[in-house]
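Visitor: If you scroll down you'll find the structure; I have some questions about it.
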Amino acid sequence: MMNILNKFDNLTATIGIIGLGYVGLPLLLRFSEVGYKVTGFDIDNQKTDKLNQGQSYIEHISSRRIIEALENNFEATTDFSKIIGMDAIILCLPTPLNKYREPDLSFVNGSLEIILPFLKKGQIISLESTTYPGTTEEELKPKIESTGLKIGQDVFLVYSPEREDPGNKDFETKTIPKVIGGDTENCISAGKALYQKSIDNLITVSSTKAAEMTKLLENIHRSVNIGLVNEMKIVADRMGIDIHEVIRAASSKPFGYTPFFPGPGLGGHCIPIDPFYLTWKAREYGISTRFIELAGEVNTNMPRWVLEKIIDSLNMAGKSASNSRVLILGIAYKKNVDDMRESPSIELIKLLNEKGSLVDYSDPHIPFLTKLSNLNLNMYESISLDAKAIQNYDVLVLATDHDKFDYVSIQKNAKLIIDTRGVYTESYNNVVKA
């Protein structure tokens with residue numbers, strides 16, 4: 001145990017990170033900056049090839065940082081046999097829901113099965129993927145111990161949930177406090193050793209279950225409060241009240257109120273998905289998670305509510321949704337990022353397709369869009385927002401409020417704008433707040 005702690009303390013430990021996406025890649029770069037030798041593992045050889053060539057495939061991560069990591073003895077590989085040379089293995093893998101809205105651990109379990117033959121005494125295994133309480137203990141621990149290695153003695157099992165917020169310039173991997181739970185006290189000590197040189201503030205909890213529940217509480221808190229403010233928006237709209245004006249006023253209260261903001265629906269890999277991990281697990285204990293499910297219902301229905309606002313607004317202008325030219329402003333799920341996972345914009349496009357609308361999109365962070373199933377666009381390339389282009393559309397739907405959009409030009413040239421983000425605080429004849 002002391003040997004592994006010393007290796008992390010004197011920066012001679014080797015770290016392997018499995019999954020080089022929005023979570024794994026920033027974490028990898030942080031470990032490299034500190035001075036550890038880091039190896040990135042992924043099944044996608046396009047990712048590993050780009051990284052080894054010093055190229056970034058995530059917008060907010062510069063290629064310069066990749067090059068610096070390569071100079072610091074970093075490599076990316078699809079060869080998982082190299083796990084045997086790692087002192088720590090960190091799993092940063094997707095944990096989606098299946099079509100029945102049940103947890104899909106296939107990425108985590110599949111990767112674990114691949115690396116099992118290469119595990120050895122003295123290694124730390126840390127799971128960062130968001131999942132239900134009990135996953136680390138019930139899924140990972142038995143598989144690892146099936147190799148003959150004893151958790152807490154031979155190898156050290158940790159759960160430490162990711163807290164990345166792409167596009168948020170106020171926080172980075174180094175400065176975001178990190179929660180650590182271990183299967184035993186030795187595991188917790190090993191987890192602290194793994195992260196303490198790279199993260200400013202570590203928060204330890206008593207178990208992997210507590211750490212897993214911590215992550216879910218964080219995301220459920222957001223989901224429920226966004227569901228609340230989305231419902232408030234619907235009520236306020238019916239009453240002729242601008243919900244964004246109300247939120248600004250309520251935010252002046254210096255205590256007891258935290259502002260949340262409505263939108264066209266929830267997006268990203270966390271907030272629309274993670275709460276249902278707890279919903280699923282709670283059934284095992286005979287508990288119905290009514291707040292979670294109600295918030296999910298409200299948030300899931302928001303794209304349809306926006307669609308109705310589009311249809312009503314077009315009708316007021318003497319047009320129907322069928323054959324109307326619609327431009328979606330923003331495909332990314334949140335402002336100033338190139339991440340479109342679970343984006344409500346995609347659902348809006350599908351709904352508009354069903355109504356016979358002719359849809360294009362504009363997003364400065366996503367210049368090209370890979371064709372998706374059930375998604376029909378006139379152009380799978382972002383439209384340039386010059387005055388002439390804007391004037392060609394019957395309606396613009398402001399779905400993602402990127403800073404790069406020229407909102408003055410958009411307002412001056414658009415026939416009709418559906419503003420789902422409260423960008424336009426003043427009243428304009430061609431702007432409908434939704």
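Going through the structure tokens in order, the chains are called A, B, and so on, while each chain numbers its residues from 1 and the ligands are numbered from 1 in the order shown.
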From range 198-334 of chain A, collect each residue whose DSSP state is helix (DSSP H, G or I) and return the set as a ChimeraX atom specification.

Guide: /A:208-238,243-250,275-283,290-316

Visitor: I'd like the contact shell of range 112-127 of chain A - 6 Å cut-off, only C-alpha atoms, skipping same-chain residues fewer than 5 positions apart - returned as a ChimeraX atom specification.

Guide: /A:83-84,87-91,154-159

Visitor: Using N, CA and C atoms, can you export the residues from the last selection as a compact mmCIF listing (two decimals), in the first residue's frame?

Guide:
# COMPACT_ATOMS: atom_id res chain seq x y z
N ILE A 83 -2.68 -1.86 -20.34
CA ILE A 83 -3.21 -1.65 -18.99
C ILE A 83 -2.31 -2.28 -17.93
N ILE A 84 -1.62 -3.35 -18.30
CA ILE A 84 -0.78 -4.05 -17.34
C ILE A 84 0.34 -3.17 -16.81
N ASP A 87 -0.42 2.05 -13.12
CA ASP A 87 -0.62 2.02 -11.67
C ASP A 87 -2.06 2.38 -11.30
N ALA A 88 -2.71 3.15 -12.16
CA ALA A 88 -4.12 3.50 -11.95
C ALA A 88 -4.85 3.43 -13.27
N ILE A 89 -6.08 2.95 -13.23
CA ILE A 89 -6.94 2.89 -14.41
C ILE A 89 -8.22 3.64 -14.07
N ILE A 90 -8.54 4.66 -14.87
CA ILE A 90 -9.73 5.48 -14.62
C ILE A 90 -10.71 5.26 -15.77
N LEU A 91 -11.93 4.87 -15.44
CA LEU A 91 -12.96 4.60 -16.45
C LEU A 91 -13.84 5.83 -16.62
N ASP A 154 -5.14 -6.19 -2.55
CA ASP A 154 -4.33 -6.32 -3.76
C ASP A 154 -4.54 -5.15 -4.72
N VAL A 155 -5.79 -4.77 -4.91
CA VAL A 155 -6.13 -3.63 -5.77
C VAL A 155 -7.12 -2.75 -5.02
N PHE A 156 -7.27 -1.52 -5.50
CA PHE A 156 -8.03 -0.52 -4.74
C PHE A 156 -9.11 0.08 -5.65
N LEU A 157 -10.35 -0.09 -5.23
CA LEU A 157 -11.51 0.27 -6.04
C LEU A 157 -12.13 1.57 -5.53
N VAL A 158 -12.31 2.52 -6.46
CA VAL A 158 -12.75 3.88 -6.12
C VAL A 158 -13.90 4.29 -7.04
N TYR A 159 -14.81 5.07 -6.50
CA TYR A 159 -15.78 5.78 -7.35
C TYR A 159 -15.60 7.27 -7.10

Visitor: If you count only C-alpha atoms, which residues fall within 7 Å of range 192-207 of chain A, apart from same-chain ones fewer than 5 positions away, as a ChimeraX atom specification?

Guide: /A:5,8-9,30-31,34,174-175,177-183

Visitor: Just want the 7 Å neighbourhood of range 422-425 of chain A, counted on only C-alpha atoms, with same-chain residues fewer than 3 positions away dropped. Output as a ChimeraX atom specification.

Guide: /A:244,419,433

Visitor: Compile the contact shell of Ile418 in chain A as an MDAnalysis selection string: residues with an atom at most 7 Å away, counting only C-alpha atoms, same-chain residues fewer than 2 positions apart removed.

Guide: chainID A and resid 310 396:398 416 420 431:434

Visitor: Keeping N, CA and C atoms, export the residues of the selection given above as a PDB file, in the first residue's frame.

Guide:
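What landed in result.pdb:
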ATOM      1  N   ILE A 310     -44.471  27.693 -32.229  1.00  0.00           N
ATOM      2  CA  ILE A 310     -44.061  27.927 -33.621  1.00  0.00           C
ATOM      3  C   ILE A 310     -45.277  27.888 -34.532  1.00  0.00           C
ATOM      4  N   LEU A 396     -37.282  31.817 -37.465  1.00  0.00           N
ATOM      5  CA  LEU A 396     -36.043  31.381 -36.840  1.00  0.00           C
ATOM      6  C   LEU A 396     -36.367  30.949 -35.416  1.00  0.00           C
ATOM      7  N   VAL A 397     -35.898  29.777 -35.035  1.00  0.00           N
ATOM      8  CA  VAL A 397     -36.135  29.265 -33.689  1.00  0.00           C
ATOM      9  C   VAL A 397     -34.826  29.343 -32.917  1.00  0.00           C
ATOM     10  N   LEU A 398     -34.762  30.249 -31.953  1.00  0.00           N
ATOM     11  CA  LEU A 398     -33.560  30.426 -31.141  1.00  0.00           C
ATOM     12  C   LEU A 398     -33.560  29.358 -30.042  1.00  0.00           C
ATOM     13  N   LEU A 416     -39.732  36.363 -38.354  1.00  0.00           N
ATOM     14  CA  LEU A 416     -40.321  35.888 -37.111  1.00  0.00           C
ATOM     15  C   LEU A 416     -39.257  35.119 -36.334  1.00  0.00           C
ATOM     16  N   THR A 420     -36.559  30.883 -27.323  1.00  0.00           N
ATOM     17  CA  THR A 420     -36.769  29.932 -26.230  1.00  0.00           C
ATOM     18  C   THR A 420     -35.815  30.159 -25.064  1.00  0.00           C
ATOM     19  N   VAL A 431     -40.595  39.104 -32.499  1.00  0.00           N
ATOM     20  CA  VAL A 431     -40.040  38.152 -31.521  1.00  0.00           C
ATOM     21  C   VAL A 431     -41.159  37.596 -30.639  1.00  0.00           C
ATOM     22  N   VAL A 432     -41.273  36.272 -30.613  1.00  0.00           N
ATOM     23  CA  VAL A 432     -42.225  35.584 -29.745  1.00  0.00           C
ATOM     24  C   VAL A 432     -41.422  34.823 -28.699  1.00  0.00           C
ATOM     25  N   LYS A 433     -41.705  35.068 -27.455  1.00  0.00           N
ATOM     26  CA  LYS A 433     -40.989  34.374 -26.381  1.00  0.00           C
ATOM     27  C   LYS A 433     -41.647  33.043 -26.089  1.00  0.00           C
ATOM     28  N   ALA A 434     -40.820  32.000 -26.044  1.00  0.00           N
ATOM     29  CA  ALA A 434     -41.370  30.649 -25.871  1.00  0.00           C
ATOM     30  C   ALA A 434     -40.570  29.870 -24.838  1.00  0.00           C
TER      31      ALA A 434
END

Visitor: Just the number, please: distance in Å from CA of Asn186 in chain A to CA of Asn3 in chain A, one decimal.

Guide: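 It comes out at 12.8 Å.
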
Visitor: May I have a table of the residues of range 36-106 of chain A lying at most 8 Å from range 259-282 of chain A, giving each one's closest pair of atoms and their distance in Å to one decimal, counting only C-alpha atoms, ordered by chain and ascending residue number, as a tab-separated table?

Guide:
residue	atom	partner	partner_atom	distance
A:Pro96	CA	A:Ile273	CA	6.9
A:Leu97	CA	A:Ile273	CA	6.7
A:Arg101	CA	A:Phe276	CA	7.1
A:Glu102	CA	A:Trp280	CA	6.4
A:Pro103	CA	A:Tyr277	CA	6.0

Visitor: Grab the CA of Thr12 in chain A to CA of Ala76 in chain A distance for me, in Å with one decimal place.

Guide: 18.7 Å
